[in-house]
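To be precise, the following lines are my_file_2.cif, and they hold mmCIF, C-alpha atoms.
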```cif
data_structure
loop_
_atom_site.group_PDB
_atom_site.id
_atom_site.type_symbol
_atom_site.label_atom_id
_atom_site.label_comp_id
_atom_site.auth_asym_id
_atom_site.auth_seq_id
_atom_site.Cartn_x
_atom_site.Cartn_y
_atom_site.Cartn_z
ATOM 1 C CA MET D 1 -11.159 -12.870 7.166
ATOM 2 C CA SER D 2 -10.532 -9.154 6.777
ATOM 3 C CA ILE D 3 -7.479 -7.153 5.735
ATOM 4 C CA ARG D 4 -5.464 -5.688 8.626
ATOM 5 C CA LEU D 5 -2.367 -4.531 6.723
ATOM 6 C CA ILE D 6 -2.109 -2.731 3.361
ATOM 7 C CA VAL D 7 1.448 -2.570 2.034
ATOM 8 C CA GLY D 8 2.429 -0.275 -0.817
ATOM 9 C CA LEU D 9 5.618 -1.294 -2.606
ATOM 10 C CA GLY D 10 8.154 1.131 -4.029
ATOM 11 C CA ASN D 11 11.672 2.428 -3.618
ATOM 12 C CA PRO D 12 12.413 5.243 -1.163
ATOM 13 C CA GLY D 13 13.950 8.538 -2.206
ATOM 14 C CA PRO D 14 13.019 11.403 -4.511
ATOM 15 C CA GLU D 15 14.844 9.907 -7.508
ATOM 16 C CA TYR D 16 12.364 6.968 -7.531
ATOM 17 C CA GLU D 17 9.220 8.811 -6.492
ATOM 18 C CA GLN D 18 7.700 9.129 -9.981
ATOM 19 C CA THR D 19 8.892 5.770 -11.385
ATOM 20 C CA ARG D 20 6.590 2.930 -12.450
ATOM 21 C CA HIS D 21 8.008 0.682 -9.710
ATOM 22 C CA ASN D 22 6.462 3.010 -7.110
ATOM 23 C CA ALA D 23 2.846 2.436 -8.121
ATOM 24 C CA GLY D 24 2.199 0.705 -4.778
ATOM 25 C CA PHE D 25 3.388 3.799 -2.898
ATOM 26 C CA TRP D 26 1.149 5.957 -5.104
ATOM 27 C CA LEU D 27 -1.954 3.984 -4.120
ATOM 28 C CA VAL D 28 -1.168 4.013 -0.383
ATOM 29 C CA ASP D 29 -0.397 7.750 -0.506
ATOM 30 C CA ASN D 30 -3.740 8.372 -2.249
ATOM 31 C CA LEU D 31 -5.532 6.136 0.247
ATOM 32 C CA ALA D 32 -4.022 7.980 3.217
ATOM 33 C CA HIS D 33 -4.986 11.319 1.667
ATOM 34 C CA SER D 34 -8.564 10.140 1.001
ATOM 35 C CA LEU D 35 -8.929 9.148 4.654
ATOM 36 C CA GLY D 36 -8.881 12.748 5.783
ATOM 37 C CA GLY D 37 -5.175 13.320 5.521
ATOM 38 C CA THR D 38 -3.973 10.294 7.489
ATOM 39 C CA LEU D 39 -0.212 10.785 7.733
ATOM 40 C CA LEU D 40 2.291 8.024 7.360
ATOM 41 C CA GLN D 41 5.003 8.481 9.975
ATOM 42 C CA ARG D 42 8.523 7.104 9.926
ATOM 43 C CA GLU D 43 8.715 4.078 12.240
ATOM 44 C CA SER D 44 12.357 3.123 12.714
ATOM 45 C CA ARG D 45 11.728 -0.278 14.326
ATOM 46 C CA PHE D 46 10.029 -1.406 11.100
ATOM 47 C CA ASN D 47 12.171 0.735 8.743
ATOM 48 C CA ALA D 48 8.954 1.972 7.148
ATOM 49 C CA LEU D 49 6.403 4.729 6.887
ATOM 50 C CA LEU D 50 3.381 3.634 8.889
ATOM 51 C CA ALA D 51 -0.119 4.769 9.823
ATOM 52 C CA LYS D 52 -3.060 3.172 11.574
ATOM 53 C CA THR D 53 -6.498 3.997 10.227
ATOM 54 C CA VAL D 54 -10.048 2.681 9.986
ATOM 55 C CA ILE D 55 -11.530 1.481 6.700
ATOM 56 C CA ALA D 56 -15.086 0.078 6.608
ATOM 57 C CA LYS D 57 -15.060 -0.098 10.431
ATOM 58 C CA GLN D 58 -11.887 -2.234 10.340
ATOM 59 C CA ASP D 59 -8.593 -1.233 11.973
ATOM 60 C CA VAL D 60 -6.019 -1.257 9.185
ATOM 61 C CA TRP D 61 -2.278 -0.525 9.114
ATOM 62 C CA LEU D 62 -0.862 1.288 6.080
ATOM 63 C CA LEU D 63 2.790 0.501 5.410
ATOM 64 C CA GLU D 64 5.423 1.713 2.948
ATOM 65 C CA PRO D 65 8.750 -0.101 3.483
ATOM 66 C CA GLN D 66 11.697 2.287 3.338
ATOM 67 C CA THR D 67 14.179 -0.359 2.238
ATOM 68 C CA PHE D 68 14.710 -0.910 -1.449
ATOM 69 C CA MET D 69 12.088 -3.017 -3.187
ATOM 70 C CA ASN D 70 13.997 -6.307 -2.971
ATOM 71 C CA ARG D 71 14.121 -6.016 0.860
ATOM 72 C CA SER D 72 10.424 -5.120 1.383
ATOM 73 C CA GLY D 73 9.875 -8.268 3.413
ATOM 74 C CA GLN D 74 11.921 -6.903 6.327
ATOM 75 C CA ALA D 75 9.283 -4.305 7.212
ATOM 76 C CA VAL D 76 6.279 -6.463 6.277
ATOM 77 C CA GLY D 77 7.502 -9.491 8.230
ATOM 78 C CA ALA D 78 8.478 -7.470 11.305
ATOM 79 C CA LEU D 79 5.141 -5.664 11.488
ATOM 80 C CA ALA D 80 3.095 -8.803 10.794
ATOM 81 C CA ARG D 81 4.918 -10.692 13.559
ATOM 82 C CA PHE D 82 4.665 -7.812 16.049
ATOM 83 C CA TYR D 83 0.898 -7.339 15.563
ATOM 84 C CA LYS D 84 0.167 -11.045 14.893
ATOM 85 C CA ILE D 85 -1.192 -10.405 11.413
ATOM 86 C CA ALA D 86 -1.666 -13.584 9.359
ATOM 87 C CA PRO D 87 -0.578 -13.689 5.684
ATOM 88 C CA ASP D 88 -4.205 -13.799 4.481
ATOM 89 C CA GLU D 89 -4.847 -10.524 6.367
ATOM 90 C CA VAL D 90 -2.177 -8.746 4.288
ATOM 91 C CA LEU D 91 -2.785 -6.874 1.026
ATOM 92 C CA VAL D 92 0.338 -5.975 -0.981
ATOM 93 C CA VAL D 93 -0.114 -3.300 -3.660
ATOM 94 C CA HIS D 94 2.488 -3.432 -6.432
ATOM 95 C CA ASP D 95 3.300 -2.599 -10.040
ATOM 96 C CA GLU D 96 2.564 -5.350 -12.561
ATOM 97 C CA LEU D 97 4.387 -5.692 -15.902
ATOM 98 C CA ASP D 98 1.929 -8.283 -17.201
ATOM 99 C CA LEU D 99 -1.038 -5.892 -17.053
ATOM 100 C CA ALA D 100 -1.521 -2.848 -19.268
ATOM 101 C CA PRO D 101 -1.695 0.605 -17.680
ATOM 102 C CA GLY D 102 -5.267 1.200 -16.521
ATOM 103 C CA ILE D 103 -5.817 -2.381 -15.402
ATOM 104 C CA ALA D 104 -5.883 -3.433 -11.746
ATOM 105 C CA LYS D 105 -6.419 -6.998 -10.551
ATOM 106 C CA LEU D 106 -6.917 -8.468 -7.097
ATOM 107 C CA LYS D 107 -5.817 -12.002 -6.285
ATOM 108 C CA LYS D 108 -4.726 -14.159 -3.397
ATOM 109 C CA GLY D 109 -1.495 -16.115 -3.452
ATOM 110 C CA GLY D 110 0.482 -17.270 -6.441
ATOM 111 C CA SER D 111 4.075 -16.907 -7.505
ATOM 112 C CA ALA D 112 6.106 -13.710 -7.373
ATOM 113 C CA ALA D 113 6.426 -13.805 -11.207
ATOM 114 C CA GLY D 114 9.917 -12.306 -10.988
ATOM 115 C CA HIS D 115 8.855 -9.397 -8.738
ATOM 116 C CA ASN D 116 11.657 -9.094 -6.166
ATOM 117 C CA GLY D 117 9.499 -7.241 -3.644
ATOM 118 C CA LEU D 118 6.980 -10.089 -3.635
ATOM 119 C CA LYS D 119 9.743 -12.710 -3.404
ATOM 120 C CA ASP D 120 11.115 -11.041 -0.275
ATOM 121 C CA ILE D 121 7.662 -10.666 1.319
ATOM 122 C CA THR D 122 6.865 -14.321 0.624
ATOM 123 C CA ALA D 123 10.138 -15.322 2.330
ATOM 124 C CA ALA D 124 9.485 -13.016 5.303
ATOM 125 C CA LEU D 125 5.893 -14.207 5.821
ATOM 126 C CA GLY D 126 6.769 -17.844 5.124
ATOM 127 C CA SER D 127 3.742 -18.002 2.825
ATOM 128 C CA GLN D 128 2.465 -16.956 -0.614
ATOM 129 C CA ASP D 129 -1.088 -16.779 0.726
ATOM 130 C CA TYR D 130 -1.367 -13.025 1.028
ATOM 131 C CA TRP D 131 -3.533 -10.792 -1.141
ATOM 132 C CA ARG D 132 -2.058 -8.801 -4.010
ATOM 133 C CA LEU D 133 -3.463 -5.743 -5.736
ATOM 134 C CA ARG D 134 -1.644 -5.644 -9.065
ATOM 135 C CA LEU D 135 -1.488 -2.245 -10.786
ATOM 136 C CA GLY D 136 -0.704 -2.558 -14.484
ATOM 137 C CA ILE D 137 2.264 -0.573 -15.757
ATOM 138 C CA GLY D 138 2.681 -2.414 -19.069
ATOM 139 C CA HIS D 139 5.757 -4.143 -20.453
ATOM 140 C CA PRO D 140 8.448 -2.582 -22.669
ATOM 141 C CA ARG D 141 7.849 -5.324 -25.271
ATOM 142 C CA ALA D 142 4.235 -4.110 -25.625
ATOM 143 C CA HIS D 143 5.711 -0.928 -27.149
ATOM 144 C CA GLY D 144 8.159 -2.858 -29.316
ATOM 145 C CA SER D 145 10.970 -1.632 -27.075
ATOM 146 C CA GLN D 146 14.083 -3.643 -26.284
ATOM 147 C CA GLN D 147 14.526 -1.674 -23.033
ATOM 148 C CA ALA D 148 15.512 -3.908 -20.117
ATOM 149 C CA VAL D 149 12.682 -4.529 -17.652
ATOM 150 C CA ALA D 150 14.772 -3.237 -14.722
ATOM 151 C CA ASP D 151 15.376 -0.007 -16.608
ATOM 152 C CA PHE D 152 11.713 0.275 -17.670
ATOM 153 C CA VAL D 153 10.278 0.000 -14.133
ATOM 154 C CA LEU D 154 12.746 2.593 -12.820
ATOM 155 C CA HIS D 155 11.589 5.263 -15.283
ATOM 156 C CA ARG D 156 8.570 7.541 -15.256
ATOM 157 C CA PRO D 157 5.545 6.382 -17.227
ATOM 158 C CA ARG D 158 4.593 8.407 -20.286
ATOM 159 C CA ARG D 159 1.871 10.990 -19.669
ATOM 160 C CA GLU D 160 -0.900 8.853 -21.196
ATOM 161 C CA GLU D 161 0.244 5.796 -19.209
ATOM 162 C CA LEU D 162 0.295 7.796 -15.979
ATOM 163 C CA SER D 163 -3.284 8.928 -16.565
ATOM 164 C CA LEU D 164 -4.377 5.292 -17.015
ATOM 165 C CA ILE D 165 -2.460 4.146 -13.918
ATOM 166 C CA GLU D 166 -4.114 6.922 -11.895
ATOM 167 C CA GLN D 167 -7.541 5.752 -13.133
ATOM 168 C CA ALA D 168 -6.718 2.192 -12.014
ATOM 169 C CA ILE D 169 -5.652 3.516 -8.601
ATOM 170 C CA ASP D 170 -8.946 5.419 -8.259
ATOM 171 C CA LYS D 171 -10.946 2.322 -9.176
ATOM 172 C CA SER D 172 -8.893 0.250 -6.716
ATOM 173 C CA LEU D 173 -9.505 2.763 -3.932
ATOM 174 C CA SER D 174 -13.249 2.474 -4.511
ATOM 175 C CA VAL D 175 -13.204 -1.290 -3.787
ATOM 176 C CA LEU D 176 -10.825 -1.197 -0.807
ATOM 177 C CA PRO D 177 -13.670 -0.935 1.744
ATOM 178 C CA LEU D 178 -15.023 -4.258 0.405
ATOM 179 C CA VAL D 179 -11.527 -5.774 0.564
ATOM 180 C CA CYS D 180 -10.990 -4.605 4.146
ATOM 181 C CA GLU D 181 -14.335 -6.144 5.161
ATOM 182 C CA GLY D 182 -13.300 -9.458 3.628
ATOM 183 C CA LYS D 183 -15.838 -9.217 0.781
ATOM 184 C CA PHE D 184 -13.224 -10.318 -1.720
ATOM 185 C CA ASP D 185 -15.542 -11.797 -4.357
ATOM 186 C CA ALA D 186 -17.578 -8.570 -4.545
ATOM 187 C CA ALA D 187 -14.385 -6.487 -4.725
ATOM 188 C CA ILE D 188 -12.940 -8.669 -7.497
ATOM 189 C CA MET D 189 -16.188 -8.530 -9.497
ATOM 190 C CA GLU D 190 -16.317 -4.720 -9.271
ATOM 191 C CA LEU D 191 -12.594 -4.166 -9.918
ATOM 192 C CA HIS D 192 -12.322 -6.615 -12.806
ATOM 193 C CA THR D 193 -15.397 -5.270 -14.610
ATOM 194 C CA ALA D 194 -14.690 -2.494 -17.092
#
```

Could you write out this file's structure as structure tokens?
Amino acid sequence: MSIRLIVGLGNPGPEYEQTRHNAGFWLVDNLAHSLGGTLLQRESRFNALLAKTVIAKQDVWLLEPQTFMNRSGQAVGALARFYKIAPDEVLVVHDELDLAPGIAKLKKGGSAAGHNGLKDITAALGSQDYWRLRLGIGHPRAHGSQQAVADFVLHRPRREELSLIEQAIDKSLSVLPLVCEGKFDAAIMELHTA
């Protein structure tokens, strides 16, 4: 099984562009740029930015839903149904509170762990059995902060955190060809090794 759809999660609009919650958008934007300037185009029928590209000789859709995070499933479900893409052919890239900045982990399935974007995608696909690329953004409690999680994810990371998140994105991009070919064990081993 190979990956046919890579979804970056985030919130649309310039006020959210640099916030931690948009880490999924950051990766997909970097991926599109690395593929020779592939441009994501607005696709109104899916309410998303969309591009079709080739990664490791596989046709792959790149998608950034243009709804707010908690409605991400609308675009993902509509595109998956239209192109007959199974849940296990979908990779969702998202911010992860439970991982420190600089850490990226790949896994298949599991709970949404409170992530509203994942909850909505699970409902839209009717399955939890899609792949997730989790980009660590850290947790406010790790800094001894009492800041609410919702407030934390909707703020910019500190400069040193951003540098670590960018490193994790670069490392993730390097394993995406393996992921798109369906070589998940090799991708996990490379990504999860320091």

Task: Nearest residue to D:Glu190 from the set D:Ala113, D:Val153, D:Thr38, D:Leu176 (distances using all atoms listed in the file) - done: D:Leu176

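When the PyMOL selection byres ((chain D and resi 193) around 12) is evaluated on the file shown here, the picked residues come out as D:Ile103, D:Ala104, D:Lys105, D:Leu106, D:Ala168, D:Lys171, D:Ser172, D:Val175, D:Ala186, D:Ala187, D:Ile188, D:Met189, D:Glu190, D:Leu191, D:His192, D:Ala194.
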
TODO: Tell me which of D:Ala123, D:Ala100, D:Ala86, D:Leu164 sits closest to D:His143, counting only C-alpha atoms.
DONE: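 Distance minimum relative to D:His143 lands on D:Ala100.
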
Contacts of stretch 136-188 of chain D with stretch 11-17 of chain D up to 9 Å, shortest pair per row, only C-alpha atoms, as JSON lines:
```
{"residue": "D:Leu154", "atom": "CA", "partner": "D:Tyr16", "partner_atom": "CA", "distance": 6.9}
{"residue": "D:His155", "atom": "CA", "partner": "D:Tyr16", "partner_atom": "CA", "distance": 8.0}
{"residue": "D:Arg156", "atom": "CA", "partner": "D:Tyr16", "partner_atom": "CA", "distance": 8.6}
```

- [ ] Report the distance between atom CA of D:Gln167 and atom CA of D:Gly102 in Å, rounded to one decimal place.
- [x]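 Computing the Euclidean distance for atom CA of D:Gln167 and atom CA of D:Gly102 yields 6.1 Å.
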
Skip D:Phe152 itself and residues of its chain fewer than 4 positions away, then list as a PDB file with C-alpha atoms, in the coordinates of the input all residues within 8 Å of it, counting all atoms listed in the file.
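Result went into part.pdb, see below:
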```pdb
ATOM      1  CA  ARG D  20       6.590   2.930 -12.450  1.00  0.00           C
ATOM      2  CA  HIS D 139       5.757  -4.143 -20.453  1.00  0.00           C
ATOM      3  CA  PRO D 140       8.448  -2.582 -22.669  1.00  0.00           C
ATOM      4  CA  GLN D 147      14.526  -1.674 -23.033  1.00  0.00           C
ATOM      5  CA  ALA D 148      15.512  -3.908 -20.117  1.00  0.00           C
TER       6      ALA D 148
END
```

Task: Neighbour list for D:Ser72 as a ChimeraX atom specification, cut-off 10 Å, only C-alpha atoms, skip fewer than 3 positions in-chain - done: /D:7-11,47-48,64-69,75-77,116-122,124

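With all atoms listed in the file as the atoms that count, the minimum distance from D:Glu89 to the choices D:Asn70, D:Ser163, D:Ser2, D:Ser127 is reached by D:Ser2.
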
TODO: May I ask for the distance between atom CA of D:Leu97 and atom CA of D:Ala112, given in Å to one decimal place?
DONE: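 Atom CA of D:Leu97 sits 11.8 Å away from atom CA of D:Ala112.
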
Can you tell me, as AutoDock Vina command-line options, the centre and edge lengths (Å, one decimal) of the axis-aligned box enclosing all of stretch 120-129 of chain D's listed atoms after padding each side by 8 Å?
```
--center_x 5.0 --center_y -14.3 --center_z 2.6 --size_x 28.2 --size_y 23.3 --size_z 22.4
```

Task: For atom CA of D:Gln18 and atom CA of D:Val93, the interatomic separation in Å (one decimal) - done: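 Between these atoms lies a distance of 16.0 Å.
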
Open item on the list: Which residue is closest to D:Ser44? Choose from D:Arg71, D:Ser174, D:Val149, D:Leu79 and count all atoms listed in the file.
Closed with: D:Leu79

TODO: Counting all atoms listed in the file, figure out which residue out of D:His33, D:Lys107, D:Arg158, D:Arg42 gets nearest to D:Asp185.
DONE: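 Looking at the shortest contact to D:Asp185, the residue is D:Lys107.
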
TODO: Identify which of the residues D:Pro157, D:Gly36, D:Gly110, D:Pro87 lies closest to D:Gly138, counting only C-alpha atoms when measuring atom-to-atom distances.
DONE: D:Pro157

Task: Selection near D:Gly182, 8 Å with only C-alpha atoms, sequence-local residues under 4 positions removed, as a PyMOL selection string - done: chain D and resi 1-3+178

Open item on the list: Can you spell out as a ChimeraX atom specification the set of residues that the PyMOL selection byres ((chain D and resi 52) around 10) selects in the structure I just provided?
Closed with: /D:4-5,32,38-41,50-51,53-55,59-63
